file model.txt (compact mmCIF, C-alpha atoms)
# COMPACT_ATOMS: atom_id res chain seq x y z
CA MET A 269 130.22 123.57 145.19
CA ASP A 270 131.12 120.71 142.84
CA THR A 271 130.38 121.87 139.29
CA ARG A 272 131.73 118.86 137.41
CA PRO A 273 129.39 117.31 134.78
CA VAL A 274 126.94 114.91 136.36
CA ALA A 275 127.34 111.24 135.36
CA PRO A 276 124.60 108.59 135.38
CA PRO A 277 124.12 107.01 138.82
CA ARG A 278 125.96 103.93 139.95
CA PRO A 279 124.26 101.20 142.02
CA GLY A 280 123.39 102.68 145.38
CA ASP A 281 123.38 106.29 144.14
CA ALA A 282 120.38 108.59 144.48
CA PRO A 283 117.65 108.14 141.85
CA TRP A 284 118.55 109.57 138.44
CA PRO A 285 116.02 112.45 138.34
CA ALA A 286 116.79 113.59 141.90
CA LEU A 287 120.50 113.53 141.12
CA THR A 288 120.42 115.43 137.84
CA GLU A 289 117.26 117.53 137.55
CA ARG A 290 118.77 120.72 138.96
CA SER A 291 121.95 120.30 136.89
CA VAL A 292 119.93 119.76 133.72
CA HIS A 293 117.83 122.83 134.51
CA LEU A 294 121.00 124.93 134.92
CA ALA A 295 122.44 123.53 131.68
CA ARG A 296 119.25 124.30 129.79
CA GLU A 297 119.08 127.89 131.07
CA ALA A 298 122.74 128.41 130.18
CA ARG A 299 122.15 127.06 126.68
CA LEU A 300 119.20 129.40 126.13
CA THR A 301 121.04 132.51 127.37
CA GLY A 302 124.36 131.73 125.76
CA GLY A 303 126.03 131.42 129.15
CA ARG A 304 128.41 128.75 130.36
CA THR A 305 128.05 126.10 133.02
CA ALA A 306 129.95 122.99 134.00
CA ALA A 307 126.70 121.05 134.27
CA ALA A 308 125.98 119.07 131.13
CA PRO A 309 122.94 117.11 129.96
CA ARG A 310 123.19 113.60 128.59
CA ALA A 311 124.67 113.39 125.12
CA GLU A 312 121.37 112.53 123.36
CA ILE A 313 119.61 115.43 125.11
CA ASP A 314 122.45 117.82 124.31
CA ALA A 315 122.27 116.85 120.60
CA SER A 316 118.49 117.23 120.60
CA TRP A 317 118.70 120.72 122.12
CA ASP A 318 121.09 121.69 119.32
CA ARG A 319 118.68 120.45 116.65
CA VAL A 320 115.71 122.16 118.26
CA MET A 321 117.49 125.48 118.69
CA ARG A 322 118.52 125.45 115.04
CA SER A 323 114.89 124.85 114.06
CA GLY A 324 113.78 127.99 115.90
CA ILE A 325 111.48 126.38 118.48
CA ASP A 326 110.45 128.86 121.21
CA PRO A 327 111.17 127.32 124.65
CA GLU A 328 108.25 129.28 126.10
CA GLN A 329 105.73 128.26 123.45
CA SER A 330 102.68 126.14 124.13
CA PRO A 331 102.97 122.48 123.09
CA GLU A 332 99.65 122.82 121.26
CA SER A 333 99.46 121.78 117.62
CA ARG A 334 96.75 121.60 115.01
CA LEU A 335 95.06 118.23 115.48
CA LEU A 336 94.35 115.93 112.57
CA GLU A 337 90.72 115.48 111.62
CA ALA A 338 89.07 112.28 112.87
CA GLU A 339 88.83 110.99 109.29
CA GLU A 340 92.55 111.49 108.75
CA ILE A 341 93.42 109.77 112.03
CA GLU A 342 91.35 106.75 111.04
CA HIS A 343 92.93 106.76 107.58
CA ARG A 344 96.40 106.64 109.12
CA ARG A 345 95.38 103.93 111.58
CA THR A 346 94.07 101.64 108.88
CA GLY A 347 97.17 102.25 106.78
CA SER A 348 99.59 101.42 109.60
CA ALA A 349 100.79 97.89 110.35
CA LEU A 350 100.93 98.96 114.01
CA GLY A 351 97.18 98.46 114.09
CA GLU A 352 97.84 94.72 113.81
CA VAL A 353 99.82 94.68 117.07
CA MET A 354 97.76 97.13 119.08
CA PRO A 355 96.22 94.27 121.13
CA LEU A 356 99.75 93.18 122.07
CA LEU A 357 100.79 96.73 122.94
CA ARG A 358 97.71 97.21 125.07
CA GLU A 359 98.33 93.93 126.88
CA GLY A 360 102.05 94.47 127.34
CA LEU A 361 102.17 98.17 128.10
CA ALA A 362 98.84 99.95 128.59
CA GLY A 363 97.96 98.05 131.75
CA ILE A 364 101.36 98.72 133.31
CA ALA A 365 101.14 102.38 132.33
CA ASP A 366 97.72 102.62 133.96
CA ALA A 367 98.99 101.08 137.21
CA ALA A 368 101.97 103.47 137.20
CA GLN A 369 99.73 106.52 136.63
CA GLN A 370 101.01 106.96 133.09
CA ILE A 371 99.65 106.56 129.59
CA MET A 372 100.75 104.62 126.53
CA VAL A 373 100.99 106.61 123.28
CA VAL A 374 101.53 105.22 119.77
CA THR A 375 102.43 107.52 116.87
CA ASP A 376 103.08 107.25 113.14
CA THR A 377 106.36 108.08 111.42
CA GLU A 378 105.58 111.81 111.50
CA GLY A 379 105.09 111.80 115.26
CA ARG A 380 101.30 112.15 114.98
CA VAL A 381 99.47 110.45 117.85
CA LEU A 382 97.23 107.67 116.54
CA TRP A 383 96.39 105.80 119.74
CA ARG A 384 96.67 106.45 123.47
CA GLN A 385 95.48 104.54 126.51
CA GLY A 386 96.19 104.41 130.22
CA HIS A 387 95.40 106.15 133.51
CA LEU A 388 92.21 108.18 133.02
CA ALA A 389 93.28 111.12 135.19
CA VAL A 390 96.57 111.36 133.32
CA MET A 391 94.71 111.13 129.99
CA ARG A 392 92.71 114.20 131.03
CA ARG A 393 95.83 115.99 132.22
CA ALA A 394 97.62 115.12 128.95
CA LYS A 395 95.13 117.26 127.05
CA ASP A 396 96.66 120.30 128.74
CA ILE A 397 99.89 119.66 126.82
CA CYS A 398 98.11 118.47 123.66
CA LEU A 399 99.23 114.86 124.12
CA GLU A 400 96.12 113.57 122.42
CA GLU A 401 95.09 111.79 119.25
CA GLY A 402 96.02 113.71 116.13
CA ALA A 403 98.62 115.93 117.80
CA ALA A 404 102.15 116.45 116.43
CA TRP A 405 105.07 115.38 118.65
CA SER A 406 108.05 115.56 116.33
CA GLU A 407 110.99 117.65 117.51
CA SER A 408 110.19 120.26 114.88
CA ALA A 409 106.74 120.71 116.41
CA THR A 410 107.24 120.17 120.16
CA GLY A 411 110.97 120.38 120.80
CA THR A 412 112.93 117.77 122.71
CA ASN A 413 110.59 114.99 123.87
CA ALA A 414 110.85 111.21 123.88
CA ILE A 415 108.60 110.67 120.86
CA GLY A 416 110.19 113.33 118.66
CA THR A 417 113.75 112.58 119.72
CA ALA A 418 113.26 108.83 119.20
CA LEU A 419 112.00 109.68 115.70
CA ALA A 420 115.07 111.82 115.07
CA VAL A 421 117.71 109.33 116.27
CA ARG A 422 115.80 106.07 115.61
CA THR A 423 116.75 104.66 119.03
CA PRO A 424 114.94 104.37 122.40
CA VAL A 425 115.03 107.62 124.38
CA GLN A 426 113.94 108.72 127.85
CA VAL A 427 113.31 112.42 128.50
CA HIS A 428 112.60 113.67 132.00
CA SER A 429 111.43 117.01 133.35
CA ALA A 430 113.83 119.88 132.42
CA GLU A 431 115.36 117.76 129.65
CA HIS A 432 112.29 118.78 127.64
CA PHE A 433 113.12 121.89 125.63
CA ILE A 434 109.69 123.49 126.04
CA ARG A 435 109.20 124.67 129.61
CA ALA A 436 105.53 123.64 129.66
CA LEU A 437 106.64 119.98 129.52
CA HIS A 438 108.93 120.10 132.56
CA GLY A 439 106.22 118.51 134.68
CA TRP A 440 106.33 115.35 132.51
CA THR A 441 108.51 112.30 132.00
CA CYS A 442 108.42 110.06 128.93
CA ALA A 443 110.18 107.06 127.41
CA ALA A 444 109.81 106.05 123.76
CA ALA A 445 111.13 103.45 121.35
CA PRO A 446 110.84 103.09 117.56
CA VAL A 447 109.01 100.13 116.02
CA ARG A 448 110.43 98.93 112.70
CA ASP A 449 108.90 96.77 110.02
CA PRO A 450 110.78 93.45 110.38
CA ARG A 451 110.38 92.83 106.64
CA ASP A 452 112.56 95.74 105.53
CA GLY A 453 113.65 97.65 108.64
CA ARG A 454 111.61 100.74 107.78
CA LEU A 455 110.25 102.79 110.67
CA MET A 456 106.53 102.23 111.32
CA GLY A 457 106.05 104.49 114.33
CA ILE A 458 106.86 105.15 117.95
CA VAL A 459 105.55 103.56 121.14
CA ASP A 460 105.80 105.79 124.21
CA VAL A 461 104.93 105.86 127.89
CA SER A 462 104.37 109.31 129.41
CA GLY A 463 103.21 110.64 132.74
CA PRO A 464 103.73 113.27 135.41
CA ALA A 465 107.38 113.76 136.35
CA SER A 466 106.68 112.28 139.78
CA THR A 467 105.98 108.90 138.12
CA PHE A 468 109.51 108.59 136.67
CA HIS A 469 111.12 105.17 136.91
CA PRO A 470 114.51 104.31 135.37
CA ALA A 471 113.22 100.92 134.18
CA THR A 472 110.49 102.44 132.02
CA LEU A 473 112.76 102.84 128.99
CA ALA A 474 113.81 99.19 129.11
CA LEU A 475 110.16 98.15 129.37
CA VAL A 476 109.12 100.26 126.38
CA GLY A 477 112.04 98.98 124.31
CA SER A 478 111.19 95.37 125.16
CA VAL A 479 107.55 95.79 124.19
CA ALA A 480 108.54 97.49 120.91
CA ALA A 481 110.83 94.53 120.14
CA LEU A 482 108.01 92.15 121.02
CA ALA A 483 105.72 93.96 118.59
CA GLU A 484 108.33 93.63 115.83
CA SER A 485 108.66 89.91 116.62
CA GLU A 486 104.89 89.48 116.40
CA LEU A 487 104.82 91.17 113.00
CA ARG A 488 107.72 89.01 111.79
CA GLY A 489 105.92 85.85 112.88
CA ARG A 490 102.70 86.90 111.18
CA HIS A 491 104.56 87.67 107.98
CA LEU A 492 106.33 84.31 107.91
CA VAL A 493 103.08 82.42 108.49
CA ALA A 494 101.34 84.39 105.74
CA ILE A 495 104.21 83.84 103.28
CA GLU A 496 104.27 80.09 103.94
CA ARG A 497 100.53 79.88 103.41
CA LEU A 498 100.81 81.84 100.16
CA ARG A 499 103.74 79.69 99.01
CA SER A 500 101.71 76.51 99.47
CA VAL A 501 98.99 77.96 97.26
CA ALA A 502 101.48 79.25 94.66
CA ALA A 503 103.56 76.08 94.16
CA PRO A 504 101.05 74.05 92.08
CA ILE A 505 100.05 77.13 90.07
CA LEU A 506 103.60 78.00 89.05
CA CYS A 507 104.25 74.38 88.06
CA ARG A 508 101.52 74.65 85.41
CA LEU A 509 102.61 78.01 84.02
CA GLY A 510 105.20 78.69 81.38
CA GLY A 511 107.31 81.82 81.11
CA ARG A 512 108.21 84.28 83.83
CA ALA A 513 105.95 84.53 86.84
CA LEU A 514 106.09 85.26 90.53
CA VAL A 515 103.78 85.25 93.52
CA VAL A 516 103.95 88.08 96.07
CA ASP A 517 101.99 89.08 99.13
CA THR A 518 99.91 92.25 99.22
CA HIS A 519 103.03 94.26 100.09
CA GLY A 520 105.02 92.82 97.19
CA ARG A 521 107.10 90.40 99.32
CA LEU A 522 108.18 87.37 97.33
CA ALA A 523 106.60 83.99 98.10
CA ALA A 524 107.53 82.03 94.95
CA VAL A 525 109.08 82.60 91.53
CA SER A 526 109.42 80.74 88.22
CA GLY A 527 111.49 81.44 85.11
CA MET A 528 113.30 84.50 86.46
CA PRO A 529 115.72 85.52 89.23
CA PRO A 530 114.09 86.01 92.65
CA VAL A 531 113.60 89.49 94.10
CA ASP A 532 113.11 90.44 97.74
CA ARG A 533 110.23 92.76 96.99
CA LEU A 534 108.22 93.75 93.95
CA PRO A 535 107.00 97.38 94.06
CA LEU A 536 103.23 97.37 93.53
CA PRO A 537 100.76 100.20 92.89
CA LYS A 538 98.82 101.08 96.01
CA SER A 539 95.61 100.22 94.20
CA LEU A 540 96.11 96.99 92.27
CA ARG A 541 93.35 95.28 90.35
CA PRO A 542 93.23 92.01 88.39
CA GLY A 543 94.14 92.26 84.73
CA PRO A 544 96.90 93.86 82.68
CA VAL A 545 99.12 96.34 84.51
CA TRP A 546 102.41 98.06 83.85
CA LEU A 547 105.05 97.58 86.58
CA ALA A 548 108.17 99.71 86.45
CA SER A 549 110.55 96.81 87.20
CA LEU A 550 108.96 94.22 84.90
CA GLY A 551 107.04 96.03 82.15
CA MET A 552 103.63 94.77 81.12
CA CYS A 553 102.22 92.04 83.35
CA ARG A 554 98.98 90.23 83.98
CA VAL A 555 97.93 90.18 87.61
CA GLU A 556 95.56 87.70 89.22
CA PRO A 557 94.48 87.64 92.88
CA LEU A 558 95.45 84.81 95.23
CA PRO A 559 94.48 84.32 98.89
CA GLY A 560 96.79 86.78 100.64
CA GLY A 561 98.63 87.98 97.55
CA TRP A 562 98.98 88.22 93.78
CA LEU A 563 100.09 86.07 90.88
CA VAL A 564 102.13 88.23 88.50
CA GLN A 565 102.82 86.91 84.99
CA VAL A 566 105.29 88.91 82.92
CA ALA A 567 104.08 89.59 79.39
CA GLU A 568 106.41 88.16 76.74
CA GLY A 569 106.82 90.53 73.79
CA GLY A 570 104.25 93.14 72.84
CA GLN A 571 104.12 96.65 74.23
CA ASP A 572 105.86 97.18 77.50
CA GLY A 573 105.58 100.93 78.06
CA PRO A 574 103.71 102.87 80.72
CA PRO A 575 100.42 104.67 80.08
CA ARG A 576 100.98 107.40 77.50
CA ARG A 577 98.22 109.96 77.94
CA VAL A 578 96.21 111.56 80.73
CA VAL A 579 93.20 113.82 80.08
CA LEU A 580 92.08 115.95 83.02
CA ASP A 581 88.55 117.02 82.12
CA LEU A 582 87.52 120.14 84.04
CA SER A 583 84.94 121.29 81.49
CA ARG A 584 81.92 120.43 83.65
CA GLU A 585 81.86 121.29 87.35
CA ARG A 586 79.69 118.32 88.31
CA GLU A 587 81.58 115.77 86.20
CA LEU A 588 85.26 116.22 86.93
CA THR A 589 87.15 113.24 85.53
CA VAL A 590 90.60 111.90 84.76
CA HIS A 591 90.95 109.70 81.65
CA VAL A 592 94.04 107.49 81.24
CA THR A 593 95.06 105.90 77.94
CA GLY A 594 97.74 103.20 77.95
CA PRO A 595 99.08 100.27 75.94
CA VAL A 596 96.44 97.90 77.30
CA GLY A 597 93.37 100.11 77.11
CA THR A 598 91.74 103.13 78.68
CA TRP A 599 89.81 103.97 81.81
CA THR A 600 88.02 106.98 83.28
CA ARG A 601 87.50 107.91 86.93
CA ARG A 602 85.44 110.65 88.58
CA ILE A 603 87.51 112.87 90.87
CA SER A 604 86.71 115.25 93.70
CA PRO A 605 87.17 119.03 93.37
CA ARG A 606 90.16 118.84 95.73
CA HIS A 607 91.85 116.17 93.60
CA ALA A 608 91.05 118.23 90.51
CA GLU A 609 92.86 121.21 92.06
CA LEU A 610 95.93 119.11 92.86
CA LEU A 611 96.09 117.49 89.42
CA TYR A 612 95.61 120.87 87.77
CA ALA A 613 98.53 122.28 89.75
CA LEU A 614 100.70 119.33 88.69
CA ALA A 615 99.62 119.76 85.05
CA LEU A 616 100.78 123.38 85.19
CA ARG A 617 104.12 122.44 86.72
CA ARG A 618 105.40 119.38 84.87
CA GLU A 619 108.78 119.65 86.60
CA GLY A 620 107.05 118.67 89.85
CA ARG A 621 105.96 120.24 93.11
CA THR A 622 106.93 119.55 96.72
CA ALA A 623 104.25 119.02 99.33
CA ALA A 624 104.81 122.56 100.61
CA GLU A 625 104.51 124.03 97.10
CA LEU A 626 101.29 122.12 96.45
CA ALA A 627 99.93 123.26 99.81
CA ARG A 628 100.60 126.85 98.76
CA ASP A 629 99.03 126.23 95.31
CA VAL A 630 95.84 124.72 96.72
CA PHE A 631 95.41 126.16 100.22
CA GLY A 632 97.55 129.29 100.11
CA ASP A 633 99.33 127.87 103.16
CA ALA A 634 102.65 126.06 102.73
CA THR A 635 102.36 124.44 106.17
CA ARG A 636 99.43 122.19 105.20
CA THR A 637 101.72 119.45 103.91
CA VAL A 638 100.06 116.68 105.90
CA THR A 639 96.76 117.23 104.09
CA VAL A 640 98.50 117.37 100.71
CA ARG A 641 100.39 114.13 101.33
CA ALA A 642 97.21 112.37 102.44
CA GLU A 643 95.28 113.49 99.35
CA ILE A 644 98.11 112.59 96.96
CA SER A 645 98.38 109.19 98.63
CA ARG A 646 94.68 108.59 97.97
CA MET A 647 95.04 109.63 94.32
CA ARG A 648 98.08 107.42 93.75
CA ARG A 649 95.99 104.37 94.61
CA HIS A 650 94.45 104.82 91.17
CA LEU A 651 97.12 106.83 89.35
CA ALA A 652 100.33 105.14 90.50
CA GLU A 653 101.35 104.38 86.91
CA VAL A 654 101.26 108.04 85.84
CA LEU A 655 101.73 110.01 89.06
CA CYS A 656 105.18 110.06 90.64
CA HIS A 657 106.50 111.50 93.89
CA ARG A 658 109.70 113.11 95.25
CA PRO A 659 108.67 115.57 93.90
CA TYR A 660 105.02 115.03 93.02
CA ARG A 661 104.63 115.09 89.23
CA PHE A 662 103.29 113.34 86.17
CA GLY A 663 105.70 110.69 84.91
CA GLU A 664 108.20 111.25 82.13
CA GLY A 665 106.75 110.62 78.68
CA VAL A 666 103.15 110.96 79.83
CA GLU A 667 101.21 113.46 77.75
CA VAL A 668 98.85 115.51 79.90
CA GLU A 669 95.85 117.30 78.43
CA VAL A 670 93.61 119.65 80.41
CA VAL A 671 90.10 120.20 79.06
CA HIS A 672 88.90 123.65 80.16
CA PRO A 673 85.31 124.88 80.25
CA GLU A 674 84.23 127.14 77.37
CA VAL A 675 83.97 130.10 79.74
CA PRO A 676 87.24 130.65 81.67
CA ALA A 677 85.33 131.82 84.77
CA ASP A 678 83.72 128.37 84.95
CA LEU A 679 87.03 126.65 85.73
CA LEU A 680 86.32 124.98 89.09
CA PRO A 681 84.07 127.95 89.94
CA ARG A 682 83.75 127.12 93.64
CA SER A 683 87.49 126.70 94.12
CA THR A 684 89.47 129.20 96.17
CA ALA A 685 92.80 127.50 95.43
CA PRO A 686 95.32 130.22 94.42
CA VAL A 687 96.47 128.18 91.41
CA VAL A 688 92.89 128.08 90.09
CA VAL A 689 92.04 131.69 90.98
CA VAL A 690 95.09 132.91 89.07
CA ALA A 691 94.22 130.70 86.08
CA ARG A 692 90.66 132.03 85.95
CA ALA A 693 91.88 135.60 86.08
CA SER A 694 94.55 135.21 83.40
CA ALA A 695 92.89 132.66 81.12
CA GLY A 696 94.10 132.95 77.55
CA ARG A 697 92.47 131.87 74.35
CA PRO A 698 91.28 128.23 74.16
CA GLY A 699 93.81 126.03 72.46
CA THR A 700 96.94 127.74 73.79
CA ALA A 701 99.48 126.22 76.18
CA GLY A 702 100.45 128.12 79.29
CA PHE A 703 102.47 125.67 81.34
CA GLY A 704 105.85 126.24 82.87
CA GLY A 705 108.70 123.73 82.90
CA GLY A 706 108.95 120.20 81.54
CA THR A 707 106.93 118.91 78.62
CA PRO A 708 104.12 121.38 77.85
CA ALA A 709 100.67 120.11 78.66
CA VAL A 710 98.08 120.33 75.92
CA VAL A 711 95.10 122.55 76.61
CA ARG A 712 91.88 122.12 74.73

call {"tool": "encode", "arguments": {"input": "model.txt", "output": "structure tokens"}}
result
Amino acid sequence: MDTRPVAPPRPGDAPWPALTERSVHLAREARLTGGRTAAAPRAEIDASWDRVMRSGIDPEQSPESRLLEAEEIEHRRTGSALGEVMPLLREGLAGIADAAQQIMVVTDTEGRVLWRQGHLAVMRRAKDICLEEGAAWSESATGTNAIGTALAVRTPVQVHSAEHFIRALHGWTCAAAPVRDPRDGRLMGIVDVSGPASTFHPATLALVGSVAALAESELRGRHLVAIERLRSVAAPILCRLGGRALVVDTHGRLAAVSGMPPVDRLPLPKSLRPGPVWLASLGMCRVEPLPGGWLVQVAEGGQDGPPRRVVLDLSRERELTVHVTGPVGTWTRRISPRHAELLYALALRREGRTAAELARDVFGDATRTVTVRAEISRMRRHLAEVLCHRPYRFGEGVEVEVVHPEVPADLLPRSTAPVVVVARASAGRPGTAGFGGGTPAVVR
């Protein structure tokens, strides 16, 4: 018996899966048992198996994962630029997938399925392996698979039958390619075609890669058109202005500039409103809306610091608020109990908290990082000037005050968050500070 490693087929050879499936199965079993075999998987599969084994994935586990809530799925869809090219993806890929008895799947950068479409019978069958909207398909969740492995290596990948690390997926074949934002090269998500192993075709990977490139080209074209339109609006405005000013699109991409060196991109708060605003790269600015973007005028002289003080008022259960005082004024916003719990945890830990640490503080479960990231993202739309990330924390130089209720037991009384439960149980005298790390928060 010839036990040399199997090479990809040459023209006229047997089809790739028929030629290699048994060898890959033998290689996988040998890897799992610590045995040795001359059969070897493809290099990208071999590397993926190594990563997955180090992560502790059980090859006999179910591919099931906790699905995202419908509200979270919709939130991620609306926040993804891939939504803009879904008509193109459906036209270029979903119909072909349907005809080939496969389905098209589109995920975000975490490998969470946001959209899927294709052959109805395969859609139903895909539920058996949790290939449905909201499911997790990163390598750390589901082992070697085209979506997760493409996320890991950032290149198109095809995974067939026994190349999947989890045995329950051996009846499937999939091909996936990353889609990048043409404006900055950042990953936006994964487009994938999956189906029963019997539907394998070696050209599927090339097709998926071509459609992903087409989607990137469509996004690039849309961006250029939008920038040119914004530039035509900005030109006469900048001619009339004195001082430093620039015009950017809603993502901060430069359209025009006056009185200062050009920049490729201006970082903007996720929630930007007309009026005075502090921008980390420019200091104090005045922002005005334009069709498709913003006019940003840099303040000359005067105060140029970030907001200085945040008051988290937890004194009344039905009126939880955050009050921000800065160089250009003050504002107050009502917050939800969940956001109050998160901000309270950050006030206690000025040095910052990771998503896993916040999940443990609020839910008692360090694995609920997706929910934490989503909630923090929503808060930063309004608190971007004072709330930082990596790790999550209040910014340097920002004084944080927490206003407690008069009765310690009334601190977020309906909350079961461990950080709040502990605080209620060990509440000290009003007016004392009990915060660890960083600049002490003031407690009133």

call {"tool": "closest_residue", "arguments": {"input": "model.txt", "among": "A:Ala567, A:Glu378, A:Val531, A:Arg606", "to": "A:Leu547", "atoms": "only C-alpha atoms"}}
result
A:Ala567

call {"tool": "closest_residue", "arguments": {"input": "model.txt", "among": "A:Val447, A:Ile325, A:Ala685, A:Ala311", "to": "A:Glu486", "atoms": "only C-alpha atoms"}}
result
A:Val447

call {"tool": "closest_residue", "arguments": {"input": "model.txt", "among": "A:Val578, A:Val353, A:Leu536, A:Ala403", "to": "A:Gly665", "atoms": "only C-alpha atoms"}}
result
A:Val578

call {"tool": "closest_residue", "arguments": {"input": "model.txt", "among": "A:Asp460, A:Arg648, A:Gly402, A:Met372", "to": "A:Glu339", "atoms": "all atoms listed in the file"}}
result
A:Gly402

call {"tool": "atom_distance", "arguments": {"input": "model.txt", "atom1": "atom CA of A:Thr598", "atom2": "atom CA of A:Ser645"}}
result
21.9 Å

call {"tool": "atom_distance", "arguments": {"input": "model.txt", "atom1": "atom CA of A:Leu382", "atom2": "atom CA of A:Ala465"}}
result
23.1 Å

call {"tool": "closest_residue", "arguments": {"input": "model.txt", "among": "A:Thr472, A:Arg541, A:Ile505, A:Trp562", "to": "A:Leu522", "atoms": "only C-alpha atoms"}}
result
A:Trp562

call {"tool": "closest_residue", "arguments": {"input": "model.txt", "among": "A:Cys442, A:Ala503, A:Ala349, A:Val381", "to": "A:Ala414", "atoms": "all atoms listed in the file"}}
result
A:Cys442

call {"tool": "residues_around", "arguments": {"input": "model.txt", "residues": "A:Leu540", "least_positions_apart": "4", "cutoff": "10 Å", "atoms": "all atoms listed in the file", "output": "PyMOL selection string"}}
result
chain A and resi 518+536+545+555-557+562+649-650+652

call {"tool": "write_last_selection", "arguments": {"input": "model.txt", "atoms": "C-alpha atoms", "output": "PDB file, in the frame of the given file"}}
result
ATOM      1  CA  THR A 518      99.910  92.250  99.220  1.00  0.00           C
ATOM      2  CA  LEU A 536     103.230  97.370  93.530  1.00  0.00           C
ATOM      3  CA  VAL A 545      99.120  96.340  84.510  1.00  0.00           C
ATOM      4  CA  VAL A 555      97.930  90.180  87.610  1.00  0.00           C
ATOM      5  CA  GLU A 556      95.560  87.700  89.220  1.00  0.00           C
ATOM      6  CA  PRO A 557      94.480  87.640  92.880  1.00  0.00           C
ATOM      7  CA  TRP A 562      98.980  88.220  93.780  1.00  0.00           C
ATOM      8  CA  ARG A 649      95.990 104.370  94.610  1.00  0.00           C
ATOM      9  CA  HIS A 650      94.450 104.820  91.170  1.00  0.00           C
ATOM     10  CA  ALA A 652     100.330 105.140  90.500  1.00  0.00           C
TER      11      ALA A 652
END

call {"tool": "residues_around", "arguments": {"input": "model.txt", "residues": "stretch 341-344 of chain A", "least_positions_apart": "2", "cutoff": "9 Å", "atoms": "all atoms listed in the file", "output": "number ranges by chain"}}
result
A: 336-339, 346-348, 376, 380-382, 401-402, 642

call {"tool": "atom_distance", "arguments": {"input": "model.txt", "atom1": "atom CA of A:Gln565", "atom2": "atom CA of A:Thr600"}}
result
25.0 Å

call {"tool": "residues_around", "arguments": {"input": "model.txt", "residues": "A:Arg488", "least_positions_apart": "2", "cutoff": "12 Å", "atoms": "only C-alpha atoms", "output": "list of chain:residue names"}}
result
A:Ala349, A:Glu352, A:Val353, A:Val447, A:Arg448, A:Asp449, A:Pro450, A:Arg451, A:Asp452, A:Gly453, A:Ala481, A:Leu482, A:Ala483, A:Glu484, A:Ser485, A:Glu486, A:Arg490, A:His491, A:Leu492, A:Val493, A:Ala494, A:Ile495

call {"tool": "residues_around", "arguments": {"input": "model.txt", "residues": "A:Arg602", "least_positions_apart": "5", "cutoff": "9 Å", "atoms": "only C-alpha atoms", "output": "ChimeraX atom specification"}}
result
/A:587-591

call {"tool": "residues_around", "arguments": {"input": "model.txt", "residues": "A:Ala436", "least_positions_apart": "6", "cutoff": "9 Å", "atoms": "only C-alpha atoms", "output": "PDB file with C-alpha atoms, in the frame of the given file"}}
result
ATOM      1  CA  PRO A 327     111.170 127.320 124.650  1.00  0.00           C
ATOM      2  CA  GLU A 328     108.250 129.280 126.100  1.00  0.00           C
ATOM      3  CA  GLN A 329     105.730 128.260 123.450  1.00  0.00           C
ATOM      4  CA  SER A 330     102.680 126.140 124.130  1.00  0.00           C
ATOM      5  CA  PRO A 331     102.970 122.480 123.090  1.00  0.00           C
ATOM      6  CA  ILE A 397      99.890 119.660 126.820  1.00  0.00           C
TER       7      ILE A 397
END

call {"tool": "axis_aligned_box", "arguments": {"input": "model.txt", "around": "stretch 371-384 of chain A", "padding_each_side": "8 Å", "output": "AutoDock Vina command-line options"}}
result
--center_x 101.4 --center_y 108.4 --center_z 120.5 --size_x 26.0 --size_y 23.5 --size_z 34.2
